[in-house]
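Below: one structure, written as structure tokens.
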Amino acid sequence: MIWTYNKIVKNKNQIRYTIQNIDVQLKKRFEALPNIATTVKKYLTHEKDVHSDIARLRSQYQASSTREEGLGLEQQLSELLSTIMVSVENYPELKSNESVILLQRSINEFAAQISASQRAYNSAVLTYNDSISVFPSNIVAGIFGFKKEEYMSIITNEQERKNIDLNTYL
């Protein structure tokens with residue numbers, strides 16, 4: 001029983017650890033993007049509100065008190081960054097600009113790091129949920145009140161699951 005309890009606690013702690021990694025990645029992105037946006041601001045004059053929107057989302061993220069709230073703000077930032085990249089595609093002179101290329105690379109790098117952290121989180125949740133669901137550890141989990149954790153999903157609704165028609169942006 002002690003071994004099983006300790007195994008469940010270790011799995012639960014792994015979830016907390018991966019959540020912290022996600023928070024670190026999100027914080028890095030929220031802190032870096034205003035600097036990058038400032039660099040390309042003069043080239044993105046047609047997107048005047050981008051810098052202020054990033055700053056607003058960053059402030060809200062820093063003040064967020066729940067993981068769900070922070071992830072919601074991260075989703076808004078991702079949508080804003082997608083809008084920026086679509087705008088860049090419409091201006092060939094921007095696509096070749098070194099600052100804009102840096103912005104694109106940074107956005108892609110942050111997205112890859114956050115995605116990797118989310119996969120690690122979901123893996124930790126799978127291990128934990130399995131550990132509290134199978135016999136005989138489910139008995140120990142029930143005695144001590146361990147509950148299943150939810151997976152993290154970046155897709156928040158059915159509309160986002162559909163294929164994107166890029167022609168609507170062109």
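We name chains A, B, ... following the order of the structure tokens; residues begin at 1 in each chain, and ligands are numbered from 1 as shown.
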(request) Show which residues sit within 10 Å of range 131-134 of chain A, as a ChimeraX atom specification. Count only C-alpha atoms, and ignore same-chain residues fewer than 2 positions away. (result) /A:4-5,7-9,11-12,125-129,136-142,145-148
(message) Set the distance at 9 Å and use only C-alpha atoms: which residues neighbour Ala111 in chain A once local chain neighbours fewer than 5 positions away are removed? I'd like the list as a PyMOL selection string.
(response) chain A and resi 29+78+106+116
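Relative to CA of Leu81 in chain A, CA of Ile54 in chain A is found at 9.1 Å.
Close contacts of Ser117 in chain A, defined as residues with an atom at most 7 Å away when counting only C-alpha atoms, with chain neighbours fewer than 2 positions off set aside, comprise Thr18, Asn21, Ile22, Gln113, Ile114, Ser115, Arg119, Ala120 and Tyr121 of chain A.
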Could you take the residues named above and write them with C-alpha atoms, as an mmCIF file, in the first residue's frame?
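Output saved as again.cif:
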data_model
loop_
_atom_site.group_PDB
_atom_site.id
_atom_site.type_symbol
_atom_site.label_atom_id
_atom_site.label_comp_id
_atom_site.auth_asym_id
_atom_site.auth_seq_id
_atom_site.Cartn_x
_atom_site.Cartn_y
_atom_site.Cartn_z
ATOM 1 C CA THR A 18 5.128 19.621 -16.339
ATOM 2 C CA ASN A 21 7.394 23.809 -17.558
ATOM 3 C CA ILE A 22 4.401 25.002 -19.556
ATOM 4 C CA GLN A 113 8.457 24.552 -27.158
ATOM 5 C CA ILE A 114 4.944 25.045 -25.811
ATOM 6 C CA SER A 115 3.679 22.102 -27.839
ATOM 7 C CA ARG A 119 2.758 16.749 -24.828
ATOM 8 C CA ALA A 120 4.870 16.104 -21.717
ATOM 9 C CA TYR A 121 1.966 17.256 -19.540
#
Residues near Phe30 in chain A, anyone? I mean within 9 Å using only C-alpha atoms, not counting same-chain ones fewer than 6 positions away, as a CSV table (one decimal) with N, CA and C atoms, in the first residue's frame.
chain,number,residue,atom,x,y,z
A,54,ILE,N,-0.5,42.8,-27.6
A,54,ILE,CA,0.5,41.9,-27.0
A,54,ILE,C,0.8,42.3,-25.6
A,55,ALA,N,1.0,43.6,-25.4
A,55,ALA,CA,1.2,44.2,-24.0
A,55,ALA,C,0.0,43.9,-23.1
A,57,LEU,N,-2.3,41.5,-23.3
A,57,LEU,CA,-2.3,40.1,-23.0
A,57,LEU,C,-1.2,39.7,-22.1
A,58,ARG,N,0.0,40.3,-22.2
A,58,ARG,CA,1.1,40.0,-21.3
A,58,ARG,C,0.7,40.4,-19.9
A,59,SER,N,0.1,41.6,-19.7
A,59,SER,CA,-0.3,42.0,-18.4
A,59,SER,C,-1.3,41.1,-17.8
A,61,TYR,N,-1.9,38.0,-18.5
A,61,TYR,CA,-1.3,36.7,-18.2
A,61,TYR,C,-0.5,36.8,-16.8
A,62,GLN,N,0.2,37.9,-16.6
A,62,GLN,CA,1.0,38.0,-15.4
A,62,GLN,C,0.0,38.1,-14.2
A,74,GLU,N,-3.2,32.6,-23.5
A,74,GLU,CA,-2.2,32.0,-24.4
A,74,GLU,C,-2.9,31.7,-25.8
A,77,LEU,N,-3.3,35.0,-27.6
A,77,LEU,CA,-2.0,35.4,-28.1
A,77,LEU,C,-1.7,34.6,-29.4
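The gap separating CA of Ile107 in chain A from CA of Arg56 in chain A is 17.9 Å, in Å to one decimal.
With only C-alpha atoms as the atoms that count, the residue of A:Ser64, A:Asn108, A:Gln76, A:Asn122 with the shortest distance to Arg16 in chain A is A:Asn122.
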(request) Find the residues near Asp23 in chain A: any atom within 9 Å, counting only C-alpha atoms, skip ones fewer than 3 places away on the same chain, and give them as an NGL selection string. (result) :A and (18-20 or 26-28 or 67 or 70 or 114)
